[in-house]
Structure formats: structure tokens, C-alpha cells
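A.B. asks: After the C-alpha cells below, expect a handful of questions from me.
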Amino acid sequence: MENNLLSLIIFAPLAGTVINWLIGGRLKNELFSGLVACGTIAISTIVAFMIAFGIGTGQEGALFTKDNQPVLDHIWTWIQVGSFRADFALGMDHLSAIYALFVTFVGLLIHIFATGYMHGDKGFYRFFAYMNLFMFSMLTLVLADNFLLMFVGWEGVGLCSYLLIGFYINWDEARRAAKKAFVMNRIGDWGVLIGIFLIFTITGSISFYDKGVDGTQVQSVFSWVQTNVTSPEPFGWATIFAGGITSVALLLFIGATGKSAQIPLLTWLPDAMAGPTPVSALIHAATMVTAGVYMVVRCNAIYQNAPTAMFMVAIIGCATALFAATIGLAQNDIKKVLAYSTVSQLGYMFLACGVGAFIAAIFHVMTHAFFKALLFLGSGSVIHGMHHEQDMRKMGNLKKYMPVTFITMMMGWLAICGIPIWAGFFSKDEILYRTFVATNLPGPWNYVLWGVGAVTALLTAVYMTRMMWMTFFGEERFREAVPADGTVSLPVTTAEAEHHEVPKNFHPHESSWVMTAPLVILAILSTVGGLVGVPFAMSSLIGKDDINVFEHVLEPVIAHVGRSPEHEAALPAAHSAEKTGEATVASKATEHVAEVHSAKEVTTERMLAGLSVLLALSGIAIGIGLFSNTPLRRMPKMLVQKWRIDELYNGYIVDPITKLSRDGLWKGFDLGFIDGIVNGIGHFVIEVGNLVRGIQVGFVRSYAAIILIGALAVLGYFIYYGLKLVG
Amino acid sequence: MEPSLASYLALSGILFTIGATGVIFKRNAIGMFMCIELMLNAVNLTFVAFSRYYGDVTGQLFVFMVMSVAAAEAAVGLGIIIAFFRNSRSVDVDDASILKN
């Protein structure tokens with residue numbers, strides 16, 4: 001169905017950018033800039049809710065359409081060459097709707113928070129112009145109806161990430177971090193582009209949806225894959241470079257690693273904490289970094305036909321989760337802990353995609369957006385209250401001074417540790433359960449990955465407890481000197497503390513309502529937001545059979561691939577049985593979302609859930625045990641130094657390339673060869689001129705002689721050829 | 001008995017060569033001019049000899065052209081020499097070397 005209101009969702013923030021850039025810069029009025037920015041996002045949020053739930057539009061809500069029919073909005077025919085068609089057109093199906101809802105809502109809360117946080121900054125209007133531009137790009141990304149427009153949004157968010165990380169333009173570290181983020185994103189962009197090209201080559205289309213435009217029917221990539229790829233590609237190394245579906249999947253995944261900070265392109269995210277905290281909350285926790293997951297889930301039809309790719313996705317996701325969790329354990333800057341936590345949680349999301357639990361991945365994206373944004377904004381409130389001090393070793397007992405921040409962050413902490421009923425529990429547990437019962441991974445890998453995931457969950461609880469304890473409990477350490485232990489932490493900079501120095505007898509203070517109100521809302525969401533996705537195994541404990549709204553909504557987005565015939569035959573029976581609430585014979589196909597619940601599956605899920613809770617509680621206990629008395633306990637040096645991965649990259653990749661560029665390409669080729677040719681031609685002409693100059697010496701008689709010789713030559717020519725003619 | 005055409009041409013050639021040599025080797029500008037006139041007259045002799053030999057009057061007509069051109073050229077050239085002399089007080093052609101290097 002068509003709904004032209006969809007374009008308002010993306011164009012409102014764009015208008016906000018333009019207004020803030022052109023007019024806000026002149027007015028330099030914080031109230032104006034803040035109102036414009038938050039107002040436009042509020043418009044987007046309202047319209048998104050309207051279209052998603054079908055309120056006031058006269059149409060069915062985008063979340064509830066049958067068979068994942070999207071709400072379309074064809075704005076403009078962008079490219080149409082031969083059989084290639086890319087439109088500037090938006091489409092909201094179930095997946096996009098969920099993303100649009102939480103992106104706009106969390107974005108709105110963060111914008112409101114930022115009006116308080118950025119108060120007093122000279123670049124206030126610029127900040128909000130960039131933030132609105134980011135929202136425009138991100139919403140274009142999730143609402144695009146074809147790969148190319150999605151890529152426009154993809155690049156746009158990368159650009160805005162660069163602009164916003166490097167917001168403090170006079171701070172060297174911020175500039176470097178922005179450059180690093182952009183370059184690493186770009187490496188990922190290469191993967192996405194080649195993937196899109198390959199998709200078009202293989203399928204002849206780049207559209208997400210089957211639709212009719214200008215009288216022609218455009219087939220979506222995924223329906224092509226569904227009809228033409230009859231069986232999944234075999235599992236093996238050869239498929240990776242074969243140029244088929246697996247190659248596409250892996251190329252797109254490279255892009256996802258760049259955007260979502262997975263191994264090997266993860267080091268930009270911790271450095272990105274050099275940007276203002278609302279930026280970290282919005283871009284590097286809730287929205288931009290989840291774009292990779294969005295793309296993978298959107299292309300689930302492709303991934304399900306490429307088991308090799310899914311395996312690699314799962315391995316990389318899981319490895320990243322563990323890797324980042326270990327590093328997060330040893331960081332002293334509150335934002336770095338959260339950054340590594342983000343990388344780790346993103347690893348979980350990709351692990352979920354890798355085992356085929358796409359819906360669980362999106363569920364975790366949503367809950368993670370809630371609690372991670374909460375944690376980041378909370379840390380922003382802490383930083384603000386501590387007069388821009390970010391080192392946790394200088395905090396302590398802040399619960400006395402900042403009660404609202406404290407309570408809301410506790411909600412976030414409970415959510416991320418995975419305590420029921422907080423949001424993180426349901427999503428993380430779903431992922432771990434699906435990993436345990438996955439059937440698309442070879443051999444015992446599903447158990448291995450589950451084990452690693454469980455250990456990571458434990459570590460998550462430990463480091464988050466450490467962070468909370470160091471910040472909010474214990475003794476006050478504001479006035480102590482930081483112990484010199486050679487750690488690499490983010491120092492207080494003149495840029496962030498640009499308004500004031502720390503006074504001698506200062507008290508941390510609670511932040512204003514502008515900053516705490518979003519915290520409260522996010523805390524509520526972190527607490528109850530997970531209840532939309534309670535799986536059958538849990539809800540049946542209290543007698544409710546099927547309240548997994550989330551799963552029902554996203555069910556049609558997931559393609560059904562490679563099911564065996566006997567399973568197909570069993571399916572209708574399973575459906576009717578489900579309606580009566582009876583358990584039926586379980587099918588052991590890969591995740592497919594018309595859930596059939598067997599007693600065995602339910603038991604496994606409940607046991608694993610119990611195990612997850614135990615792990616979370618023991619993690620918290622370990623954290624309290626280790627850090628309550630010695631909050632400044634030294635962590636292993638390797639962890640503090642982030643496994644020296646930055647040094648590794650710098651030493652083996654960045655420095656050689658820089659050296660090659662500077663000495664080889666610039667000095668050798670550009671200055672030496674090309675300039676050499678250009679200058680050489682000039683020199684050559686001058687030398688020839690010098691030579692020729694020797695003829696004219698001012699000796700008049702020589703001129704006469706030369707004339708004579710010339711005349712004789714011409715004469716000789718005529719005589720010679722005349723004689724030849726005569727014979 | 002009339003001399004053959006060859007002897008006229010030979011005389012003409014010798015006169016022309018003497019004139020050419022003189023143009024190159026004489027340093028006096030007036031002398032160069034006299035040699036130029038000598039070359040022109042040698043050419044005139046050639047034309048007339050051919051005209052007489054082939055019975056075609058065109059050769060003699062062309063001699064008129066050459067003579068008038070010679071006269072005009074002498075006038076102009078002498079004017080240049082006088083101007084040059086006023087500047088450098090010398091008719092030595094080697095002194096006209098301002099264009100050197």
C-alpha cells in the first residue's frame with residue numbers, strides 16, 4: 001500500500017538539519033536549535049508510530065500487515081537503466097517498522113538529553129544539525145526499499161559518525177578518532193558495494209520488495225532467491241570465492257563488521273568515545289551500529305542459503321563478544337567500558353544471525369538500544385555531574401549525589417546482566433538457547449559457541465558490576481590523585497571540560513530534568529520492554545501460551561529455506577495443533593518461525609534460561625566480591641592495553657601503508673615520476689632552445705652564406721631530379 | 001661565328017660565382033652591394049642568352065623585371081646602409097652584430 005506520509009519521517013530531520021545549519025548558526029540561540037532539532041525528531045516519531053500501528057492513517061498498521069506487505073512510498077525514480085532500477089522509494093515492512101519505531105523514539109530521548117548535556121557549547125547548533133542529519137541518514141537506511149538507497153543511508157550514517165565523533169574540532173584525539181572511524185567504515189563499505197553489485201548480477205534486481213512501479217513489476221531480490229535458489233549452497237571453503245550466494249553473504253558481512261564494529265574492524269568504536277556522550281549513546285549504541293544487523297536480517301534469505309557464511313558470521317560474532325568483554329573488564333574510563341560492552345553485545349547479535357535466530361537478533365537489537373542508550377545517557381549524566389570527569393577511579397559513592405541517575409542506571413545494569421524480567425534477559429537468553437539447539441553449524445560448534453556465549457555473559461555481569469560499583473558505591477575518590485599504574489585511559493581534556501575547571505571543593509550534582517527524564521523513560525523501557533518477546537517456554541510457566549508478540553510480528557520477514565518434505569507435510573497439522581495449545585512433534589529444521597513446541601524443547605529452554613540467570617547472578621557476585629573492597633584493583637595489563645590490538649593494527653597495517661603512501665607513492669611516484677615528466681618536458685624545451693640559439697650569432701655574413709647554401713641545395717635538387725627525368 | 005650557348009652560360013655562371021663569393025667575403029657594405037648587382041647582371045645575361053638561343057622574347061622581358069627590381073633594391077639598400085652608417089659611423093658589415101646571443 002502507498003502512504004506518502006512515510007517520506008515525512010525522513011524529511012523532517014533533514015529539514016531540521018537545514019534550518020539549524022542556516023538559521024541556527026546565525027541566531028546562536030540554544031532554545032531555538034534545541035526545539036527545532038527535537039521537534040523534527042518528534043514529528044518523525046509520531047509519524048512512525050502512526051504508520052506502524054495504523055493510527056489515523058486509515059490503513060492497516062505496517063507492523064500487522066499480512067505476509068509482510070510493506071507500506072510503500074515512491075518519492076522519485078532515481079536510476080532506471082535497462083533492467084537496473086533504483087528508486088528513491090521508502091518501504092516500511094515489519095522489520096523496518098520495528099527499527100523505525102525504536103530509532104525515532106530513542107533518538108528523540110537522546111536529542112532531549114543532549115539539549116541539556118551540550119548546554120554552553122559554542123557549537124550547539126552545529127551539533128544538532130549533525131544529529132538531525134544522522135537521523136535522516138539512519139531512517140533512510142532502515143526505510144529504504146532497495147539496496148542502493150539503503151547504501152546511501154549507510155554512507156550517510158558513516159559521514160555523520162565522522163562529523164560527530166570529531167565534533168570537538170580542536171581536540172587532536174577526537175579528530176584522529178573520527179578519521180579512524182570513517183576509514184574503517186569505508187573498508188566495510190567496499191564489501192557492501194561489491195555485494196550489491198554481485199546481487200544485481202546474480203538476481204537482476206536490487207529491490208527489497210516485490211512491487212509495481214510505473215506499470216512495470218519489480219521483483220525483489222529475496223523472492224528471486226526463494227524461487228531460483230533451490231537448495232542452499234554446500235558447506236565449504238570453495239563457495240566463499242565462487243561468486244555465488246555465499247560470496248554475496250560474506251561481502252555484505254564485511255560491511256556489517258565495519259559498521260557494527262566486529263572483528264576485524266572493531267577498533268574504531270572505543271576510540272569513538274572521543275565524541276560527546278549523546279553521540280556515543282545514539283550512534284554507537286542504539287542505532288548506527290545496529291545497521292549491520294539490520295542488513296544481515298534483511299538479507300536472511302541470502303544467508304540461509306549460504307551455510308558457510310552463517311558459520312563465519314556466528315564465529316566472528318561470538319569471538320568478538322568474548323574479546324570485547326575481556327577488554328571491557330579492565331578499562332577505567334566509564335565510556336570505554338560501555339563501548340566495549342556495545343561491541344560485545346553486537347557480537348551476540350551476529351551470533352544470533354549466524355545460527356539462524358534472526359528474530360532473536362532483532363529482539364536483542366531493540367532491547368540493547370533501550371538499555372545501552374540508558375547506560376550511555378546515564379554515564380553522560382554522571383560525567384556532566386562530575387564536571388566532565390570520565391575516569392571511574394575518581395568517582396565513587398555517587399548514589400548519594402545523583403539518585404535519579406543511580407536508580408535508572410541500576411535498571412540498565414540489571415537489563416544488561418540478564419536478570420529476569422528486565423529486557424536483556426529475554427533477548428540474550430533467546431540467543432543463547434538458539435545457539436545451543438542450532439542445527440546449521442557443523443559438529444559440536446553450537447555447543448562451543450554456546451559455551452563462549454555463556455562465559456561472555458558471565459564476564460558481562462562482572463564488568464558491569466565493576467563499573468556500577470566503582471561509580472556509585474564505595475568511598476568518594478573525587479579528590480584523590482589517580483594512581484599511576486601505566487594504564488591507557490582517557491584523560492580529562494580541556495576540550496570536554498571547556499567550560500570550567502574542577503573547583504577544589506566540588507560536589508557532584510544531579511543533572512537537570514531535561515537529562516533525567518529521558519533516563520527514567522529508558523529505564524522503564526529497559527524494565528518492561530522485553531515483555532513483548534517472552535518465549536513460549538517462559539510464558540507457559542505462568543499459563544499464558546503464546547504472548548510472543550515480537551516473534552509473530554517478525555515471523556513473515558524470515559524466509560523459509562530448505563525444509564525437508566516430511567516437515568512440510570507435518571506443518572499444517574502442527575499449525576492446527578498449535579491453535580489448540582497442544583504440543584506436537586518437534587521438527588528439527590533450522591529456525592523457522594512457525595514455532596512448534598515440544599516438551600523436550602521447552603525443558604531445554606527453561607534449563608538454559610535458569611543457567612543464564614545463575615551465570616548472571618554469579619557474575620554479579622564475582623563482581624561485588626572482587627571490587628567492593630578494592631574498586632581500584634589492578635586488572636591484567638594485557639586487558640588494560642586492549643590485547644594491544646591498536647598497536648598491532650598500527651604496526652602491521654597503518655604504518656606500512658602510511659610509509660608506502662608517503663615515501664613510495666607521494667615522493668616517489670607523484671613528485672618524482674609525474675612531476676619529473678612535466679618538469680622534464682619543460683627542461684627539454686629549454687635545452688633545445690639553448691641549442692638552437694647557437695645558430696643566430698649576429699654575424700651577418702653567415703646569414704648570407706646560409707642563404708647561399710640553401711639556394712644551392714634547392715638548385716641541386718632540381719638539377720638532380722631534372723636529370724633523372726630527362727634520363 | 002657566334003659563341004655557343006654554353007659559353008654564355010659559363011660566363012654567366014662565373015660572374016654569378018664571383019658575385020656570390022663577394023657577398024660572403026666582402027666586409028664593406030657598398031662592396032657587398034656591388035657584388036649583389038654583379039649576381040643580378042649575371043642572371044640577366046643568362047636570360048638574354050636563353051632568349052636568343054630559343055628565339056623566345058620572354059627572356060628579354062624578364063630582364064626588364066630584374067633590372068627594375070635591382071634598381072629599387074639598390075635604392076632601399078643604400079638607404080639602410082646610410083641609416084646604419086649614421087648610427088655606428090662604419091660601413092663594416094661585421095659591426096651589425098647587436099643580435100648576437
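Just remember, in the C-alpha cells the first chain shown is A, the second B, etc., residues are 1-based per chain, and ligands are 1-based in the order shown.
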For a quick test of understanding: name the residues of chain A lying within 7 Å of chain B when counting only C-alpha atoms, and present them as a ChimeraX atom specification.
C.D. replies: /A:696-701,704-705
A.B. asks: Find the spatial neighbours of B:Val63, counting only C-alpha atoms, within a cut-off of 10 Å - ignore same-chain residues fewer than 4 positions away - and output them as a count of residues only.
C.D. replies: 13
A.B. asks: As a ChimeraX atom specification, which residues of stretch 179-412 of chain A does DSSP assign to helix (DSSP H, G or I)?
C.D. replies: /A:179-203,221-228,237-241,245-259,268-274,277-286,288-298,300-304,307-328,334-354,358-385,392-394,403-412
A.B. asks: What is the atom CA of A:Gly91 to atom CA of A:Val71 distance in Å?
C.D. replies: 5.4 Å
A.B. asks: Using atom CA of A:Leu282 and atom CA of A:Thr267 as the two end points, give the distance in Å to one decimal.
C.D. replies: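 The value is 18.3 Å.
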A.B. asks: So how many Å separate atom CA of A:Trp190 and atom CA of A:Ala559, to one decimal?
C.D. replies: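 Atom CA of A:Ala559 lies 26.4 Å from atom CA of A:Trp190.
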A.B. asks: Considering only C-alpha atoms, return as a short mmCIF file (atom, residue, chain, number, x, y, z; two decimals) with C-alpha atoms, in the first residue's frame whatever protein or nucleic-acid residues lie within 10 Å of A:Val613, sequence-local ones (same chain, fewer than 2 positions apart) excluded.
C.D. replies:
data_model
loop_
_atom_site.label_atom_id
_atom_site.label_comp_id
_atom_site.auth_asym_id
_atom_site.auth_seq_id
_atom_site.Cartn_x
_atom_site.Cartn_y
_atom_site.Cartn_z
CA CYS A 417 23.31 -8.53 33.10
CA GLY A 418 20.29 -10.51 32.09
CA ILE A 419 18.20 -10.68 35.19
CA PRO A 420 14.57 -11.59 34.55
CA PHE A 425 17.28 -11.36 29.93
CA ASP A 429 18.62 -15.88 26.71
CA ALA A 457 27.50 -13.35 29.70
CA LEU A 458 29.33 -14.04 32.94
CA MET A 607 17.01 -25.12 31.84
CA LEU A 608 19.20 -22.90 29.76
CA ALA A 609 17.31 -19.86 30.97
CA GLY A 610 17.87 -20.94 34.53
CA LEU A 611 21.53 -21.41 33.76
CA LEU A 615 25.54 -17.09 35.38
CA ALA A 616 24.30 -13.53 35.66
CA LEU A 617 23.92 -13.77 39.41
CA SER A 618 27.32 -15.37 39.84
CA GLY A 619 28.82 -12.70 37.63
#
A.B. asks: Out of A:Lys428, A:Arg477, A:Arg466, A:Arg434, which residue has the shortest atom-to-atom distance to A:Ser612 when counting only C-alpha atoms?
C.D. replies: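 Among the listed residues, the smallest separation from A:Ser612 belongs to A:Lys428.
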